[in-house]
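Enquirer: Take a look at model.txt, compact mmCIF, C-alpha atoms:
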```
# COMPACT_ATOMS: atom_id res chain seq x y z
CA MET K 710 124.29 48.86 8.25
CA THR K 711 124.00 45.55 6.50
CA ILE K 712 126.57 42.82 6.99
CA GLY K 713 127.72 41.46 3.65
CA PRO K 714 130.21 38.77 2.72
CA GLY K 715 132.91 41.45 2.60
CA HIS K 716 132.77 41.82 6.37
CA TYR K 717 133.20 38.09 6.83
CA LEU K 718 136.11 38.05 4.40
CA ALA K 719 137.81 40.91 6.26
CA LEU K 720 137.33 39.14 9.59
CA SER K 721 138.65 35.93 8.07
CA ALA K 722 141.73 37.73 6.78
CA GLY K 723 142.38 39.11 10.26
CA LEU K 724 141.99 35.68 11.83
CA LEU K 725 144.36 34.19 9.25
CA LEU K 726 147.00 36.84 9.94
CA ILE K 727 146.79 36.31 13.71
CA GLY K 728 147.15 32.56 13.19
CA THR K 729 150.11 33.05 10.86
CA LEU K 730 151.80 35.26 13.42
CA GLY K 731 151.29 32.54 16.03
CA VAL K 732 152.73 29.80 13.82
CA LEU K 733 155.78 31.87 12.90
CA THR K 734 156.69 33.38 16.25
CA ARG K 735 155.73 31.01 19.06
CA ARG K 736 158.22 28.44 20.33
CA ASN K 737 155.75 26.12 22.06
CA ILE K 738 154.64 23.39 19.62
CA VAL K 739 151.21 23.04 21.28
CA VAL K 740 150.49 26.72 20.67
CA ILE K 741 151.76 26.41 17.10
CA LEU K 742 149.23 23.62 16.50
CA MET K 743 146.49 25.80 18.02
CA SER K 744 147.46 28.62 15.66
CA ILE K 745 147.08 26.21 12.73
CA GLU K 746 143.55 25.55 13.99
CA LEU K 747 142.95 29.30 13.89
CA ILE K 748 144.12 29.45 10.28
CA LEU K 749 141.86 26.56 9.26
CA ASN K 750 138.97 28.31 11.01
CA ALA K 751 139.60 31.44 8.98
CA VAL K 752 139.38 29.32 5.81
CA ASN K 753 136.10 27.81 6.99
CA LEU K 754 134.69 31.27 7.63
CA ASN K 755 135.60 32.22 4.06
CA LEU K 756 133.98 29.11 2.59
CA VAL K 757 130.77 29.61 4.56
CA ALA K 758 130.61 33.30 3.63
CA PHE K 759 130.86 32.49 -0.08
CA SER K 760 128.37 29.65 0.33
CA LYS K 761 125.87 32.13 1.76
CA HIS K 762 126.64 34.72 -0.88
CA TRP K 763 126.09 32.44 -3.86
CA GLY K 764 123.28 30.44 -2.28
CA GLN K 765 125.06 27.13 -2.86
CA LEU K 766 125.96 24.56 -0.25
CA ASN K 767 129.20 23.37 -1.86
CA GLY K 768 131.21 25.74 0.31
CA GLN K 769 129.77 24.20 3.46
CA VAL K 770 130.60 20.71 2.20
CA PHE K 771 134.18 21.81 1.76
CA ALA K 772 134.13 23.34 5.24
CA VAL K 773 133.17 19.88 6.55
CA PHE K 774 136.19 18.45 4.72
CA VAL K 775 138.44 21.16 6.14
CA ILE K 776 137.24 20.37 9.67
CA THR K 777 138.01 16.69 9.09
CA ILE K 778 141.52 17.55 7.90
CA ALA K 779 141.95 19.75 10.98
CA VAL K 780 140.99 16.86 13.25
CA ALA K 781 143.42 14.49 11.54
CA GLU K 782 146.15 17.12 11.68
CA ALA K 783 145.62 17.80 15.39
CA ALA K 784 145.60 14.10 16.26
CA VAL K 785 148.75 13.27 14.31
CA GLY K 786 150.50 16.46 15.41
CA LEU K 787 149.83 15.81 19.07
CA GLY K 788 150.92 12.16 18.66
CA ILE K 789 154.20 13.38 17.17
CA LEU K 790 154.50 15.86 20.04
CA ILE K 791 154.14 13.11 22.65
CA ALA K 792 156.75 10.97 20.88
CA LEU K 793 159.03 14.02 20.68
CA PHE K 794 158.57 14.86 24.35
CA ARG K 795 159.44 11.29 25.28
CA ASN K 796 162.72 11.48 23.31
CA LYS K 797 163.87 15.07 23.75
CA GLU K 798 162.10 16.33 26.91
CA THR K 799 161.12 19.55 25.19
CA VAL K 800 158.08 21.17 23.60
CA ASN K 801 159.93 24.06 21.99
CA ALA K 802 160.15 24.03 18.22
CA ASP K 803 163.64 25.56 18.08
CA GLU K 804 165.14 22.99 20.44
CA VAL K 805 164.36 20.20 17.98
CA ASP K 806 167.51 20.67 15.95
CA LEU K 807 168.93 17.18 15.41
CA LEU K 808 168.87 17.68 11.65
CA LYS K 809 170.31 21.17 11.85
CA TRP K 810 173.85 21.49 10.60
CA MET R 842 120.20 43.21 14.74
CA ASP R 843 122.37 41.24 12.35
CA ALA R 844 125.13 43.81 12.68
CA ILE R 845 125.07 43.66 16.49
CA PHE R 846 125.40 39.88 16.51
CA PHE R 847 128.11 40.00 13.87
CA ALA R 848 130.09 42.57 15.86
CA ALA R 849 129.75 40.55 19.06
CA PHE R 850 130.83 37.26 17.51
CA ALA R 851 133.60 38.89 15.50
CA ALA R 852 134.97 40.54 18.63
CA LEU R 853 134.82 37.20 20.46
CA THR R 854 136.66 35.50 17.59
CA LEU R 855 139.40 38.09 17.21
CA VAL R 856 140.02 38.68 20.92
CA GLY R 857 140.17 34.94 21.52
CA ALA R 858 142.61 34.50 18.63
CA VAL R 859 144.91 37.29 19.79
CA LEU R 860 145.01 35.99 23.35
CA THR R 861 145.58 32.42 22.10
CA VAL R 862 148.74 33.59 20.39
CA ALA R 863 149.81 35.92 23.20
CA ALA R 864 149.09 33.87 26.33
CA ARG R 865 152.11 32.68 28.28
CA ASN R 866 150.50 29.57 29.73
CA ALA R 867 149.50 26.89 27.20
CA VAL R 868 146.32 26.07 29.15
CA HIS R 869 145.26 29.72 28.93
CA SER R 870 145.97 29.54 25.19
CA ALA R 871 143.66 26.55 24.90
CA VAL R 872 140.86 28.29 26.83
CA TRP R 873 141.14 31.40 24.64
CA LEU R 874 141.11 29.20 21.56
CA ILE R 875 137.80 27.76 22.80
CA VAL R 876 136.43 31.33 23.05
CA SER R 877 137.60 32.02 19.49
CA LEU R 878 136.07 28.80 18.16
CA LEU R 879 132.75 29.57 19.88
CA GLY R 880 132.76 32.99 18.21
CA THR R 881 133.31 31.32 14.85
CA ALA R 882 130.45 28.92 15.61
CA GLY R 883 128.19 31.91 16.20
CA LEU R 884 129.26 33.38 12.86
CA PHE R 885 128.39 30.08 11.17
CA LEU R 886 124.93 30.26 12.73
CA LEU R 887 124.52 33.83 11.44
CA GLN R 888 125.18 32.55 7.93
CA GLN R 889 122.61 29.75 8.08
CA ALA R 890 125.22 27.00 8.38
CA GLU R 891 123.43 25.21 11.23
CA PHE R 892 125.14 21.88 10.64
CA LEU R 893 128.60 23.45 10.75
CA PHE R 894 127.60 25.33 13.91
CA ALA R 895 126.80 22.04 15.65
CA VAL R 896 129.90 20.34 14.23
CA GLN R 897 132.08 23.24 15.34
CA ILE R 898 130.87 23.03 18.93
CA ILE R 899 130.78 19.23 19.25
CA LEU R 900 133.96 18.48 17.32
CA TYR R 901 136.21 21.47 17.99
CA VAL R 902 135.18 22.60 21.43
CA GLY R 903 134.23 19.15 22.65
CA GLY R 904 136.77 16.99 20.86
CA ILE R 905 139.89 18.73 19.65
CA MET R 906 140.20 21.03 22.65
CA VAL R 907 139.93 18.12 25.08
CA LEU R 908 142.71 16.44 23.08
CA PHE R 909 144.84 19.58 23.35
CA LEU R 910 144.24 19.89 27.09
CA PHE R 911 145.08 16.21 27.58
CA VAL R 912 148.39 16.65 25.78
CA ILE R 913 149.18 19.85 27.69
CA MET R 914 148.66 17.95 30.95
CA LEU R 915 150.62 14.97 29.63
CA VAL R 916 153.72 16.89 28.62
CA ASN R 917 154.63 18.87 31.68
CA LEU R 918 154.76 22.49 30.65
CA ALA R 919 155.70 23.96 34.03
CA ARG R 920 159.24 24.51 32.77
CA ALA R 921 158.15 25.99 29.46
CA GLU R 922 156.11 28.69 31.15
CA GLY R 923 159.14 30.45 32.61
CA GLU R 924 161.01 30.46 29.32
CA ARG R 925 160.97 32.88 26.42
CA GLN R 926 157.74 32.31 24.52
CA PHE R 927 158.64 33.80 21.16
CA SER R 928 161.41 32.71 18.86
CA PRO R 929 164.45 35.03 18.70
CA ARG R 930 163.76 36.10 15.13
CA TRP R 931 160.11 36.99 15.81
CA TRP R 932 160.56 40.40 14.22
CA VAL R 933 160.97 38.86 10.74
CA ALA R 934 157.55 37.21 11.07
CA ALA R 935 156.05 40.33 12.66
CA GLY R 936 157.38 42.43 9.79
CA ALA R 937 155.97 40.12 7.14
CA VAL R 938 152.58 39.93 8.83
CA SER R 939 152.37 43.69 9.37
CA LEU R 940 153.16 44.13 5.69
CA LEU R 941 150.14 41.95 4.89
CA ILE R 942 148.01 43.91 7.39
CA ALA R 943 149.10 47.13 5.65
CA GLU R 944 148.14 45.63 2.30
CA CYS R 945 144.70 44.61 3.59
CA ALA R 946 144.19 48.07 5.09
CA TYR R 947 145.20 49.69 1.78
CA LEU R 948 142.82 47.50 -0.22
CA MET R 949 139.97 48.26 2.18
CA ARG R 950 140.67 52.00 2.49
CA GLY R 951 137.27 52.80 0.96
CA GLY R 952 135.37 50.63 3.40
CA VAL R 953 134.66 46.92 3.30
CA PRO R 954 134.26 45.79 -0.33
CA THR R 955 130.92 44.55 -1.59
CA LEU R 956 130.83 41.47 -3.76
CA PRO R 957 129.05 41.57 -7.12
CA GLY R 958 126.07 39.43 -7.86
CA GLY R 959 124.75 37.08 -5.27
CA GLY R 960 122.72 33.93 -5.59
CA PRO R 961 119.39 32.67 -4.32
CA ALA R 962 118.75 32.08 -0.63
CA LEU R 963 120.12 28.91 0.88
CA PRO R 964 117.66 25.99 1.18
CA ALA R 965 115.79 25.95 4.48
CA GLY R 966 116.68 22.47 5.73
CA ASN R 967 120.42 22.93 6.06
CA VAL R 968 121.36 19.49 7.41
CA GLU R 969 119.15 17.68 4.90
CA ALA R 970 120.44 19.65 1.92
CA LEU R 971 124.03 19.23 3.07
CA ALA R 972 123.57 15.47 3.44
CA ASP R 973 122.02 15.30 -0.03
CA LEU R 974 125.07 16.98 -1.50
CA LEU R 975 127.57 15.07 0.61
CA PHE R 976 126.20 11.63 -0.24
CA THR R 977 125.59 12.19 -3.94
CA GLN R 978 127.91 14.66 -5.61
CA TYR R 979 130.69 14.45 -3.02
CA LEU R 980 130.48 10.75 -2.20
CA LEU R 981 133.98 9.90 -3.43
CA PRO R 982 135.74 12.71 -1.50
CA PHE R 983 133.65 11.73 1.52
CA GLU R 984 134.92 8.15 1.37
CA ALA R 985 138.48 9.33 0.73
CA ILE R 986 138.37 11.58 3.77
CA SER R 987 137.04 8.79 5.97
CA LEU R 988 140.04 6.73 4.86
CA LEU R 989 142.28 9.65 5.79
CA LEU R 990 140.74 9.75 9.26
CA LEU R 991 141.42 6.03 9.68
CA VAL R 992 145.05 6.49 8.64
CA ALA R 993 145.44 9.44 11.01
CA MET R 994 143.94 7.42 13.86
CA VAL R 995 146.28 4.46 13.29
CA GLY R 996 149.21 6.85 12.81
CA CYS R 997 148.75 8.73 16.05
CA VAL R 998 148.25 5.55 18.06
CA LEU R 999 151.46 4.19 16.55
CA MET R 1000 153.32 7.43 17.20
CA ALA R 1001 152.24 7.92 20.80
CA ARG R 1002 152.95 4.31 21.79
CA LYS R 1003 155.82 3.64 24.17
CA PRO R 1004 159.02 2.59 22.35
CA GLU R 1005 159.38 -0.64 24.37
CA ALA R 1006 155.97 -1.78 23.22
CA ALA R 1007 157.00 -1.31 19.59
CA GLN R 1008 159.18 -4.40 19.57
```
Show the structure stored in the file as structure tokens.
Expert:
Amino acid sequence: MTIGPGHYLALSAGLLLIGTLGVLTRRNIVVILMSIELILNAVNLNLVAFSKHWGQLNGQVFAVFVITIAVAEAAVGLGILIALFRNKETVNADEVDLLKW
Amino acid sequence: MDAIFFAAFAALTLVGAVLTVAARNAVHSAVWLIVSLLGTAGLFLLQQAEFLFAVQIILYVGGIMVLFLFVIMLVNLARAEGERQFSPRWWVAAGAVSLLIAECAYLMRGGVPTLPGGGPALPAGNVEALADLLFTQYLLPFEAISLLLLVAMVGCVLMARKPEAAQ
């Protein structure tokens, strides 16, 4: 059995769905941020699989960019979380409802 | 041989991802996320993306995860552990995601699809070739993204600062 790009794409789809489920259902903001990392990882897997399939490195360059975005997102997200925890004493997404009518 | 390694790393990735989402304790979530990221790193190595393999381990496992663990320790999550972990309307999300899973399963009912075509093999020196591309064709996005990192760094320092110090 040979492993083609289709296998990687299927795995990436599974990873993306698990991450989506985490973002949509969890209450803890830290875990939501981790699920976003899972989603970005699934995208990277896709990019690398296509890069291998077509024999071009552009996909890997974009994976580098995606990783950079993920780092920036995690840093800013966790900074916001610390500021939020200082003001509201909570890490649950549904308890942050100041703007909710 | 390839298939064995793929199966092992894929299992590592998926099991880690599922337990990241399902774990009750946020620290356990972080540890399972590390497992998942290591599995992805192995998959990168299988696809001759050596540079991304190293970046994945150094940056994700070494950098981002330490950041996550720091924040988990900083915000005391002892209270959160005893609470309900999933939002009350979780079934809406679960329904939507299982619909997508059903769609994927339907599209792959005849086995995993094979892609048409296929290009030449990747160049042997992965890091060198990647650097060539990054510093010639993608120089402008590279500079833009370094600016974005700077902005993110300043932003998170500003955000996490104590309010008294802001005046």
Enquirer: Should the cut-off be 6 Å, what would the residue list for chain R against chain K look like, counting only C-alpha atoms, as a PyMOL selection string?
Expert: chain R and resi 844+862+926-928+931+934+953-955+959-963+990+993+997+1000-1001
Enquirer: Work out how far apart atom CA of His869 of chain R and atom CA of Val907 of chain R are and give it in Å to one decimal.
Expert: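 Here the two named atoms are 13.3 Å from each other.
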Enquirer: Could you tell me how far atom CA of Ser877 of chain R lies from atom CA of Leu908 of chain R, in Å and to one decimal?
Expert: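 Straight-line distance from atom CA of Ser877 of chain R to atom CA of Leu908 of chain R works out to 16.8 Å.
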Enquirer: For atom CA of Val868 of chain R and atom CA of Ala849 of chain R, determine how far apart the two atoms are, in Å to one decimal place.
Expert: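 Separation of atom CA of Val868 of chain R and atom CA of Ala849 of chain R: 24.2 Å.
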Enquirer: Quick one: everything within 7 Å of Phe847 of chain R, counting all atoms listed in the file, minus sequence neighbours fewer than 4 positions away in the same chain. Send it as a list in words.
Expert: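 Residues near the query, excluding close chain neighbours: Asp843, Ala851 and Leu884 of chain R.
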Enquirer: Is there a way to complete segment 731-744 of chain K with N, CA and C atoms and then write that out as a PDB file, keeping the file's coordinate frame?
Expert:
```
ATOM      1  N   GLY K 731     151.075  33.541  14.989  1.00  0.00           N
ATOM      2  CA  GLY K 731     151.290  32.540  16.030  1.00  0.00           C
ATOM      3  C   GLY K 731     152.184  31.406  15.564  1.00  0.00           C
ATOM      4  N   VAL K 732     151.926  30.910  14.338  1.00  0.00           N
ATOM      5  CA  VAL K 732     152.730  29.800  13.820  1.00  0.00           C
ATOM      6  C   VAL K 732     154.191  30.221  13.686  1.00  0.00           C
ATOM      7  N   LEU K 733     154.417  31.458  13.208  1.00  0.00           N
ATOM      8  CA  LEU K 733     155.780  31.870  12.900  1.00  0.00           C
ATOM      9  C   LEU K 733     156.575  32.289  14.126  1.00  0.00           C
ATOM     10  N   THR K 734     155.907  32.802  15.159  1.00  0.00           N
ATOM     11  CA  THR K 734     156.690  33.380  16.250  1.00  0.00           C
ATOM     12  C   THR K 734     156.732  32.533  17.511  1.00  0.00           C
ATOM     13  N   ARG K 735     155.724  31.721  17.783  1.00  0.00           N
ATOM     14  CA  ARG K 735     155.730  31.010  19.060  1.00  0.00           C
ATOM     15  C   ARG K 735     156.739  29.872  19.047  1.00  0.00           C
ATOM     16  N   ARG K 736     157.265  29.543  20.231  1.00  0.00           N
ATOM     17  CA  ARG K 736     158.220  28.440  20.330  1.00  0.00           C
ATOM     18  C   ARG K 736     157.525  27.154  20.759  1.00  0.00           C
ATOM     19  N   ASN K 737     156.444  27.286  21.527  1.00  0.00           N
ATOM     20  CA  ASN K 737     155.750  26.120  22.060  1.00  0.00           C
ATOM     21  C   ASN K 737     154.967  25.411  20.944  1.00  0.00           C
ATOM     22  N   ILE K 738     155.259  24.099  20.744  1.00  0.00           N
ATOM     23  CA  ILE K 738     154.640  23.390  19.620  1.00  0.00           C
ATOM     24  C   ILE K 738     153.127  23.277  19.800  1.00  0.00           C
ATOM     25  N   VAL K 739     152.659  23.148  21.045  1.00  0.00           N
ATOM     26  CA  VAL K 739     151.210  23.040  21.280  1.00  0.00           C
ATOM     27  C   VAL K 739     150.511  24.311  20.790  1.00  0.00           C
ATOM     28  N   VAL K 740     151.108  25.462  21.095  1.00  0.00           N
ATOM     29  CA  VAL K 740     150.490  26.720  20.670  1.00  0.00           C
ATOM     30  C   VAL K 740     150.578  26.875  19.155  1.00  0.00           C
ATOM     31  N   ILE K 741     151.658  26.360  18.561  1.00  0.00           N
ATOM     32  CA  ILE K 741     151.760  26.410  17.100  1.00  0.00           C
ATOM     33  C   ILE K 741     150.618  25.611  16.464  1.00  0.00           C
ATOM     34  N   LEU K 742     150.342  24.423  17.022  1.00  0.00           N
ATOM     35  CA  LEU K 742     149.230  23.620  16.500  1.00  0.00           C
ATOM     36  C   LEU K 742     147.900  24.348  16.670  1.00  0.00           C
ATOM     37  N   MET K 743     147.729  25.032  17.815  1.00  0.00           N
ATOM     38  CA  MET K 743     146.490  25.800  18.020  1.00  0.00           C
ATOM     39  C   MET K 743     146.371  26.914  16.992  1.00  0.00           C
ATOM     40  N   SER K 744     147.507  27.553  16.657  1.00  0.00           N
ATOM     41  CA  SER K 744     147.460  28.620  15.660  1.00  0.00           C
ATOM     42  C   SER K 744     147.067  28.074  14.294  1.00  0.00           C
TER      43      SER K 744
END
```
